Amino acid sequence: MKQIIYLERQDNIATIRDKLERAQTNEVVLVVPSRFAPLRDLVNLKLLKRYARNLALDLALVVKDSTTQVLAREEGFVLLPNVDKAREIRALRAAPQLVAHPTGPVSVSRQQDRVAAASRGNVGARLVALLVLLALLGGLAFGLIYLVLPSATVVLVPATQPVMVEMEIVAVPGLAEIDYGAGRIPARSVVVELQGAAETTTTDRRDIPDARASGSVVFANKTTEAVIIPKDTIVRTGAGTPVRFYTVTDVELPAERGAHARVNIIAVEPGPAGNVGRATINQVEGEASFKVDVLNDERTTGGTVKRVNVVALDDQVRLKADLIERLKREAYARMQGQLSAMEFIPAETVQLQVVSERYSHNVGEATDALSLQLTIRASGTLVGGDEANTLMLRMLERDMPAGYKIVPPTLRFAPGEVLATEGGAVRFRMQASGMAMSDISEEQVRGAIRGKTTEEARQALLDRWEFWELPQLVVSPEWVDRVPWLPYRITVRIEAAERS
């Protein structure tokens, strides 16, 4: 009775051997699936033949694959068209002929003939065994060469396409980590303090008192005693706004009532106000007023004005604004000096606070130049470029076409305009761009094409990935039209596309 064994597509030569060992009869029919790769290999067919012989099985194959049929015929397998035909055949090989021996005694010559025939049969059997062994060794050698000798080179140019993403980012001082959902990144505040000075020409002009008026007065003794009037004694006009003068020398009056003496005087305040009329200076200040009278018998003259530059309020305002702007630039430059390669401070976030200010002159003071000394404290928001780039790269990868990956050398990050600043936080626009490439690894390529014919391998590549150019596949030697099974015999080169 024959046993029919159906092979599964996932079977290999080892599982087929196991099924033969478990056969319940010595007549076995293997039903082979179409395009069953293990039995399209000559080495595996040789091994299958040896397994059947070692197990004393009469083995036949039901196979429709033309490649397997050709190789199986070369190995001497019995091929059947279908399972029904296998059931009809009574035996899978010709039954041995039975020889009837005579019942009487055998002659010596007849017996010698039989011995000689047996000897010749043994020699023939040994010769057949030797030929089978040589064929098996040849098949094994061919299989070994087929596995080790061939090599393949695959040159692939993956498809590429430009990718770009632009979004608004908020840099928040004190934030612990990147908030990908809200588009927020950590930032920190930077503070510097510096001093500066500046000077400007005053712009207002006005007349101011210049030279002091001068003249002389006559003192008259009101007592009978000698009186000494010391230098710098103050005399003044008696009517209206007093105009004061001081004496330039000491003067002594004789001890006689009505004795008099003249002395020169100079106005205390400069300007034309000191030019007073005759007989207007009639008051003496201090203790001398009880001892003497005073009067000018001539006008005082020489009090003048001059036109000079004076400090205007606009001068102070303009000087302060210019100095603050200069210090702001200096503060920003100093902050920039504290940055690492991947950090930046938006200039719009720099804020100033005046710590102290001191002008050289007040408003209205006469001077040709006004100077100012300022101490300021500047603060700005430092944005980490690493965090911004990481956020933008995540957004770029999120929008990447399926099956593509970014080419790192092509990445470009460009911070854009600052949109708003509030409480140290800064909202700005940023752009990331680069080239996306079909995601291909050498290991995946080898796994996809190993053991396939060149046409099957090319099609497998085209079915799985996108390319800028058709894949190039070269198998060596030329007569082998199949990619090697051993991965290390497959060289994969992935090259960049040359775009115009």
# chains A, B, ... in the order shown; residues from 1 in each chain; ligands from 1

call {"tool": "residues_around", "arguments": {"residues": "A:Gln444", "least_positions_apart": "2", "cutoff": "12 Å", "atoms": "only C-alpha atoms", "output": "ChimeraX atom specification"}}
result
/A:439-442,446-450,460-461,464-465,487,490,492

call {"tool": "closest_atom_pairs", "arguments": {"of": "stretch 271-319 of chain A", "to": "stretch 365-378 of chain A", "cutoff": "6 Å", "atoms": "only C-alpha atoms", "output": "JSON lines"}}
result
{"residue": "A:Asn309", "atom": "CA", "partner": "A:Asp368", "partner_atom": "CA", "distance": 5.5}
{"residue": "A:Val310", "atom": "CA", "partner": "A:Ala366", "partner_atom": "CA", "distance": 3.9}
{"residue": "A:Val311", "atom": "CA", "partner": "A:Glu365", "partner_atom": "CA", "distance": 5.5}

call {"tool": "atom_distance", "arguments": {"atom1": "atom CA of A:Glu177", "atom2": "atom CA of A:Arg334"}}
result
26.8 Å

call {"tool": "residues_around", "arguments": {"residues": "A:Thr301", "least_positions_apart": "5", "cutoff": "12 Å", "atoms": "only C-alpha atoms", "output": "PyMOL selection string"}}
result
chain A and resi 211-216+265-267+270-278

call {"tool": "write_last_selection", "arguments": {"atoms": "C-alpha atoms", "output": "PDB file, in the first residue's frame"}}
result
ATOM      1  CA  ALA A 211      30.761 142.551  33.564  1.00  0.00           C
ATOM      2  CA  ARG A 212      30.066 144.211  36.905  1.00  0.00           C
ATOM      3  CA  ALA A 213      29.276 147.929  37.136  1.00  0.00           C
ATOM      4  CA  SER A 214      31.687 150.165  39.096  1.00  0.00           C
ATOM      5  CA  GLY A 215      31.892 153.709  40.396  1.00  0.00           C
ATOM      6  CA  SER A 216      32.548 155.549  43.685  1.00  0.00           C
ATOM      7  CA  ILE A 265      32.912 150.438  44.651  1.00  0.00           C
ATOM      8  CA  ILE A 266      32.023 147.418  42.451  1.00  0.00           C
ATOM      9  CA  ALA A 267      28.616 145.844  41.980  1.00  0.00           C
ATOM     10  CA  PRO A 270      27.330 141.353  37.213  1.00  0.00           C
ATOM     11  CA  GLY A 271      25.191 142.868  34.514  1.00  0.00           C
ATOM     12  CA  PRO A 272      23.498 146.117  33.624  1.00  0.00           C
ATOM     13  CA  ALA A 273      21.441 146.080  36.826  1.00  0.00           C
ATOM     14  CA  GLY A 274      24.522 147.560  38.496  1.00  0.00           C
ATOM     15  CA  ASN A 275      24.387 150.677  36.325  1.00  0.00           C
ATOM     16  CA  VAL A 276      22.502 152.979  38.735  1.00  0.00           C
ATOM     17  CA  GLY A 277      21.887 156.698  38.650  1.00  0.00           C
ATOM     18  CA  ARG A 278      23.462 159.537  40.637  1.00  0.00           C
TER      19      ARG A 278
END

call {"tool": "residues_around", "arguments": {"residues": "A:Ile228", "least_positions_apart": "6", "cutoff": "9 Å", "atoms": "only C-alpha atoms", "output": "count of residues only"}}
result
6

call {"tool": "residues_around", "arguments": {"residues": "A:Ala259", "least_positions_apart": "4", "cutoff": "10 Å", "atoms": "only C-alpha atoms", "output": "list in words"}}
result
Phe219, Ala220, Asn221, Lys222, Thr223, Thr224, Ala226, Val227, Glu252, Leu253, Pro254, Ala255 and Val292 of chain A

call {"tool": "write_last_selection", "arguments": {"atoms": "N, CA and C atoms", "output": "short mmCIF file (atom, residue, chain, number, x, y, z; two decimals), in the first residue's frame"}}
result
data_model
loop_
_atom_site.label_atom_id
_atom_site.label_comp_id
_atom_site.auth_asym_id
_atom_site.auth_seq_id
_atom_site.Cartn_x
_atom_site.Cartn_y
_atom_site.Cartn_z
N PHE A 219 31.68 158.72 51.76
CA PHE A 219 31.23 158.48 53.13
C PHE A 219 31.37 159.78 53.93
N ALA A 220 30.38 160.11 54.81
CA ALA A 220 30.41 161.29 55.70
C ALA A 220 30.28 160.84 57.13
N ASN A 221 31.18 161.35 58.00
CA ASN A 221 31.22 160.96 59.41
C ASN A 221 30.05 161.61 60.14
N LYS A 222 29.26 160.77 60.86
CA LYS A 222 28.14 161.30 61.65
C LYS A 222 28.53 161.47 63.12
N THR A 223 29.78 161.17 63.45
CA THR A 223 30.22 161.26 64.85
C THR A 223 31.38 162.24 64.94
N THR A 224 31.85 162.39 66.20
CA THR A 224 33.02 163.25 66.43
C THR A 224 34.26 162.42 66.60
N ALA A 226 37.04 159.44 65.04
CA ALA A 226 37.55 158.92 63.77
C ALA A 226 36.89 157.57 63.49
N VAL A 227 36.57 157.36 62.21
CA VAL A 227 35.88 156.14 61.79
C VAL A 227 36.68 155.47 60.66
N GLU A 252 39.45 155.85 55.92
CA GLU A 252 39.43 156.40 57.30
C GLU A 252 38.87 157.81 57.28
N LEU A 253 37.89 158.08 58.13
CA LEU A 253 37.29 159.42 58.26
C LEU A 253 37.85 160.11 59.50
N PRO A 254 38.23 161.39 59.38
CA PRO A 254 38.78 162.13 60.53
C PRO A 254 37.74 162.24 61.65
N ALA A 255 38.19 162.53 62.87
CA ALA A 255 37.32 162.66 64.06
C ALA A 255 36.66 164.02 64.04
N VAL A 292 28.28 156.46 59.74
CA VAL A 292 28.53 157.24 58.52
C VAL A 292 27.29 157.25 57.65
#

call {"tool": "closest_residue", "arguments": {"among": "A:Asn44, A:Thr202, A:Ser66, A:Ser433", "to": "A:Pro409", "atoms": "only C-alpha atoms"}}
result
A:Ser433

call {"tool": "residues_around", "arguments": {"residues": "stretch 18-28 of chain A", "least_positions_apart": "5", "cutoff": "7 Å", "atoms": "only C-alpha atoms", "output": "list in words"}}
result
Met1, Lys2, Gln3, Ile4, Ala56, Leu57, Asp58, Leu59, Ala60 and Leu92 of chain A

call {"tool": "closest_atom_pairs", "arguments": {"of": "stretch 176-275 of chain A", "to": "stretch 322-329 of chain A", "cutoff": "10 Å", "atoms": "only C-alpha atoms", "output": "tab-separated table"}}
result
residue	atom	partner	partner_atom	distance
A:Glu193	CA	A:Leu327	CA	9.8
A:Leu194	CA	A:Leu327	CA	7.7
A:Gln195	CA	A:Leu327	CA	7.8
A:Gly196	CA	A:Leu327	CA	6.9
A:Ala197	CA	A:Leu323	CA	7.1
A:Ala198	CA	A:Leu323	CA	6.3
A:Glu199	CA	A:Leu323	CA	9.0
A:Thr200	CA	A:Asp322	CA	10.0

call {"tool": "write_last_selection", "arguments": {"atoms": "C-alpha atoms", "output": "tab-separated table (two decimals), in the first residue's frame"}}
result
chain	number	residue	atom	x	y	z
A	193	GLU	CA	25.07	95.65	33.86
A	194	LEU	CA	27.26	98.33	32.30
A	195	GLN	CA	28.12	102.02	32.46
A	196	GLY	CA	28.52	104.62	29.76
A	197	ALA	CA	29.04	108.33	29.21
A	198	ALA	CA	28.20	110.72	26.39
A	199	GLU	CA	28.40	114.43	25.61
A	200	THR	CA	26.47	116.81	23.38

call {"tool": "closest_residue", "arguments": {"among": "A:Glu269, A:Glu495, A:Glu455, A:Glu417", "to": "A:Val157", "atoms": "only C-alpha atoms"}}
result
A:Glu495

call {"tool": "closest_atom_pairs", "arguments": {"of": "stretch 399-488 of chain A", "to": "stretch 158-164 of chain A", "cutoff": "8 Å", "atoms": "only C-alpha atoms", "output": "tab-separated table"}}
result
residue	atom	partner	partner_atom	distance
A:Met400	CA	A:Val163	CA	7.3
A:Gln431	CA	A:Met164	CA	7.3
A:Ala432	CA	A:Met164	CA	5.7
A:Ser433	CA	A:Met164	CA	4.2
A:Gly434	CA	A:Val163	CA	5.6
A:Met435	CA	A:Pro162	CA	4.5
A:Ala436	CA	A:Gln161	CA	5.4
A:Met437	CA	A:Thr160	CA	4.4
A:Ser438	CA	A:Pro158	CA	5.3
A:Asp439	CA	A:Pro158	CA	7.8
A:Ile440	CA	A:Pro158	CA	7.5
A:Trp465	CA	A:Pro158	CA	7.9
A:Glu466	CA	A:Ala159	CA	5.5
A:Phe467	CA	A:Ala159	CA	4.2
A:Trp468	CA	A:Ala159	CA	4.2
A:Glu469	CA	A:Pro158	CA	7.5

call {"tool": "atom_distance", "arguments": {"atom1": "atom CA of A:Gly423", "atom2": "atom CA of A:Gly384"}}
result
17.7 Å

call {"tool": "atom_distance", "arguments": {"atom1": "atom CA of A:Val355", "atom2": "atom CA of A:Tyr332"}}
result
17.3 Å

call {"tool": "closest_residue", "arguments": {"among": "A:Val43, A:Val29, A:Arg205, A:Val354", "to": "A:Pro81", "atoms": "only C-alpha atoms"}}
result
A:Val29

call {"tool": "residues_around", "arguments": {"residues": "A:Arg398", "least_positions_apart": "4", "cutoff": "12 Å", "atoms": "only C-alpha atoms", "output": "short mmCIF file (atom, residue, chain, number, x, y, z; two decimals) with C-alpha atoms, in the first residue's frame"}}
result
data_model
loop_
_atom_site.label_atom_id
_atom_site.label_comp_id
_atom_site.auth_asym_id
_atom_site.auth_seq_id
_atom_site.Cartn_x
_atom_site.Cartn_y
_atom_site.Cartn_z
CA VAL A 163 10.77 68.75 2.54
CA MET A 164 10.09 71.92 4.51
CA VAL A 165 8.12 72.94 7.57
CA TYR A 180 5.95 69.36 21.33
CA LEU A 391 11.36 70.63 17.87
CA MET A 392 11.57 71.57 14.18
CA LEU A 393 13.16 68.22 13.27
CA ARG A 394 10.31 66.39 15.04
CA ALA A 402 5.88 57.28 4.37
CA TYR A 404 11.33 58.20 3.69
CA LYS A 405 13.96 59.51 6.08
CA ILE A 406 15.74 62.86 6.33
#

call {"tool": "closest_residue", "arguments": {"among": "A:Pro230, A:Pro150, A:Gly258, A:Gly238", "to": "A:Ala279", "atoms": "only C-alpha atoms"}}
result
A:Gly238

call {"tool": "select_by_dssp", "arguments": {"residues": "stretch 304-445 of chain A", "states": "strand (DSSP E)", "output": "MDAnalysis selection string"}}
result
chainID A and resid 305:310 343:344 351:359 369:384 404:406 412:422 425:438

call {"tool": "closest_residue", "arguments": {"among": "A:Leu39, A:Ile185, A:Leu61, A:Leu149", "to": "A:Tyr488", "atoms": "only C-alpha atoms"}}
result
A:Leu149

call {"tool": "closest_residue", "arguments": {"among": "A:Val284, A:Leu319, A:Leu45, A:Ala312", "to": "A:Arg358", "atoms": "only C-alpha atoms"}}
result
A:Leu319
